[in-house]
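Asker: Take this structure, written in structure tokens, and hold onto it; I'll ask about it next.
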Amino acid sequence: MTDARSRLIVALDVPDRTAALAAVESLRGHVGCFKLGLEIFTREGPRIVEEVLNRGERVFLDLKLHDIPHTVAGAVRSACSLGVHMLTVHTAGGQKMLEAARDAAAASASPPLLLGVTALTSLSESDVRSIGISLPIRSWVEQLGDLACRAGIPAIVASPLELPVLRPKLAGRLKFVTPGIRPSGAPLHDQVRATGPREAILAGADFLVIGRPILQAQDPPRAADRVIAEIEKALSEAEF
């Protein structure tokens, strides 16, 4: 797998098993990993994870776990037993919850890469104010990144717009996974803090998460290949 392709994660934000597996078959060999989120997992359960894995693909299970430490630890153990490669927890759950998730993952036979979700890319500055956060989004995300580091979480999910703040301080300590990626000409949908693939890689992203711009394209494999070409170009330009 090329370095550029390994960095592309396709979000299977689709309603059911049939649509998810059709997308996997269409994009096999074109992407590095498939993300299964709340919509498809709530409908299909662990079976859909197993079916994607059985096709030889990597699975990023995006459940954004956020509960008391004991409950999150149990959920992490359950996810690890499925054999997923990446798993999300909410950094807003606090250090004890993050440490419980870390310990549960470390104790599994095949630990996934734990990702601490910071501020959702659908949130604007006014949204953040409305939930009681007085800091600018960049400062809030920086604090959450520090928290993830202290708790031993190896990666965080953040908008590409926050990476210029995060990377100088946390590069080498954390990997950065960026949703909110919109290729040139693609609609934003509900994404507020978004950039293109090239800009995200140059800002320091390790992995890009893209869903609808690829899945809803007339030719999804070709759309994925265009993103990979952008990633390759950015990697050749990057100075880090």
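Going through the structure tokens in order, the chains are called A, B, and so on, while each chain numbers its residues from 1 and the ligands are numbered from 1 in the order shown.
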Can you pull out the residues contacting region 91-107 of chain A? Cut-off 10 Å, using only C-alpha atoms, and skip same-chain residues under 6 positions away; I want them as a ChimeraX atom specification.
Answerer: /A:64-81,113-119,141,143-154,156-157
Asker: CA of Pro164 (chain A) and CA of Ala224 (chain A) are how many Å apart?
Answerer: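 Distance reported for this atom pair: 25.5 Å.
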Asker: So which residues of region 89-168 of chain A fall under alpha helix (DSSP H) by DSSP, listed as a VMD selection string?
Answerer: chain A and resid 95 to 106 125 to 130 137 to 150 163 to 168
Asker: When you look at Gly204 (chain A) with a cut-off of 7 Å (counting only C-alpha atoms), what residues show up, excluding the ones that are within fewer than 2 positions of it in the same chain? I need them as a PyMOL selection string.
Answerer: chain A and resi 163+167+200-202+206
Asker: Which residue out of A:Glu232, A:Thr121, A:Thr42, A:Asp225 has the minimum interatomic distance to His30 (chain A) when only C-alpha atoms are used?
Answerer: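 Looking only at the distances to His30 (chain A), the closest residue turns out to be A:Asp225.
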Asker: Under the rule that only C-alpha atoms are counted, which of A:Pro46, A:Pro160, A:Gly83, A:Gly132 is the nearest residue to Glu199 (chain A)?
Answerer: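 Smallest separation from Glu199 (chain A) among the options: A:Pro160.
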Asker: Taking only C-alpha atoms into account, name the residue in A:Leu235, A:Leu27, A:Val14, A:Ala22 that is nearest to Pro220 (chain A).
Answerer: A:Leu27
Asker: Quick one: of A:Leu53, A:Ala109, A:Ala234, A:Val227, who's nearest to Val24 (chain A), counting only C-alpha atoms?
Answerer: A:Leu53
Asker: I need the residues in region 60-237 of chain A that are strand (DSSP E or B) according to DSSP; give them as JSON, numbers by chain.
Answerer: {"A": [60, 61, 62, 63, 64, 65, 86, 87, 88, 89, 90, 113, 114, 115, 116, 117, 155, 156, 157, 171, 174, 175, 176, 177, 178, 181, 195, 207, 208, 209, 210]}
Asker: When distances are computed from only C-alpha atoms, which of A:Val177, A:Cys33, A:Ala20, A:Ala229 shows the smallest separation from Arg198 (chain A)?
Answerer: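 Once distances to Arg198 (chain A) are computed over only C-alpha atoms, the minimum belongs to A:Ala229.
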Asker: Give me the residues near Ile214 (chain A) as a VMD selection string, where near means some atom within 12 Å (using only C-alpha atoms) and where sequence neighbours in that chain fewer than 6 positions away do not count.
Answerer: chain A and resid 8 to 13 23 to 24 26 to 27 30 to 31 181 to 183 186 to 187 220 to 228
Asker: Give me the residues near Leu61 (chain A) as a list of chain:residue names, where near means some atom within 9 Å (using only C-alpha atoms) and where sequence neighbours in that chain fewer than 5 positions away do not count.
Answerer: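 My list of contacting residues is A:Phe34, A:Lys35, A:Leu36, A:Gly37, A:Leu38, A:Phe41, A:Val49, A:Ala79, A:Val84, A:His85, A:Met86, A:Leu87, A:Thr88.
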Asker: Export, as a short mmCIF file (atom, residue, chain, number, x, y, z; two decimals), in the first residue's frame, the selected residues with C-alpha atoms.
Answerer:
data_model
loop_
_atom_site.label_atom_id
_atom_site.label_comp_id
_atom_site.auth_asym_id
_atom_site.auth_seq_id
_atom_site.Cartn_x
_atom_site.Cartn_y
_atom_site.Cartn_z
CA PHE A 34 -13.05 2.26 5.99
CA LYS A 35 -14.74 4.18 8.80
CA LEU A 36 -17.90 2.72 10.30
CA GLY A 37 -19.82 5.24 12.39
CA LEU A 38 -22.90 5.51 14.52
CA PHE A 41 -23.18 0.42 13.49
CA VAL A 49 -17.42 -4.74 11.22
CA ALA A 79 -14.36 -3.16 20.15
CA VAL A 84 -10.78 -3.02 14.55
CA HIS A 85 -7.72 -0.98 13.61
CA MET A 86 -8.84 2.44 14.90
CA LEU A 87 -11.34 3.48 17.58
CA THR A 88 -12.57 6.87 18.81
#
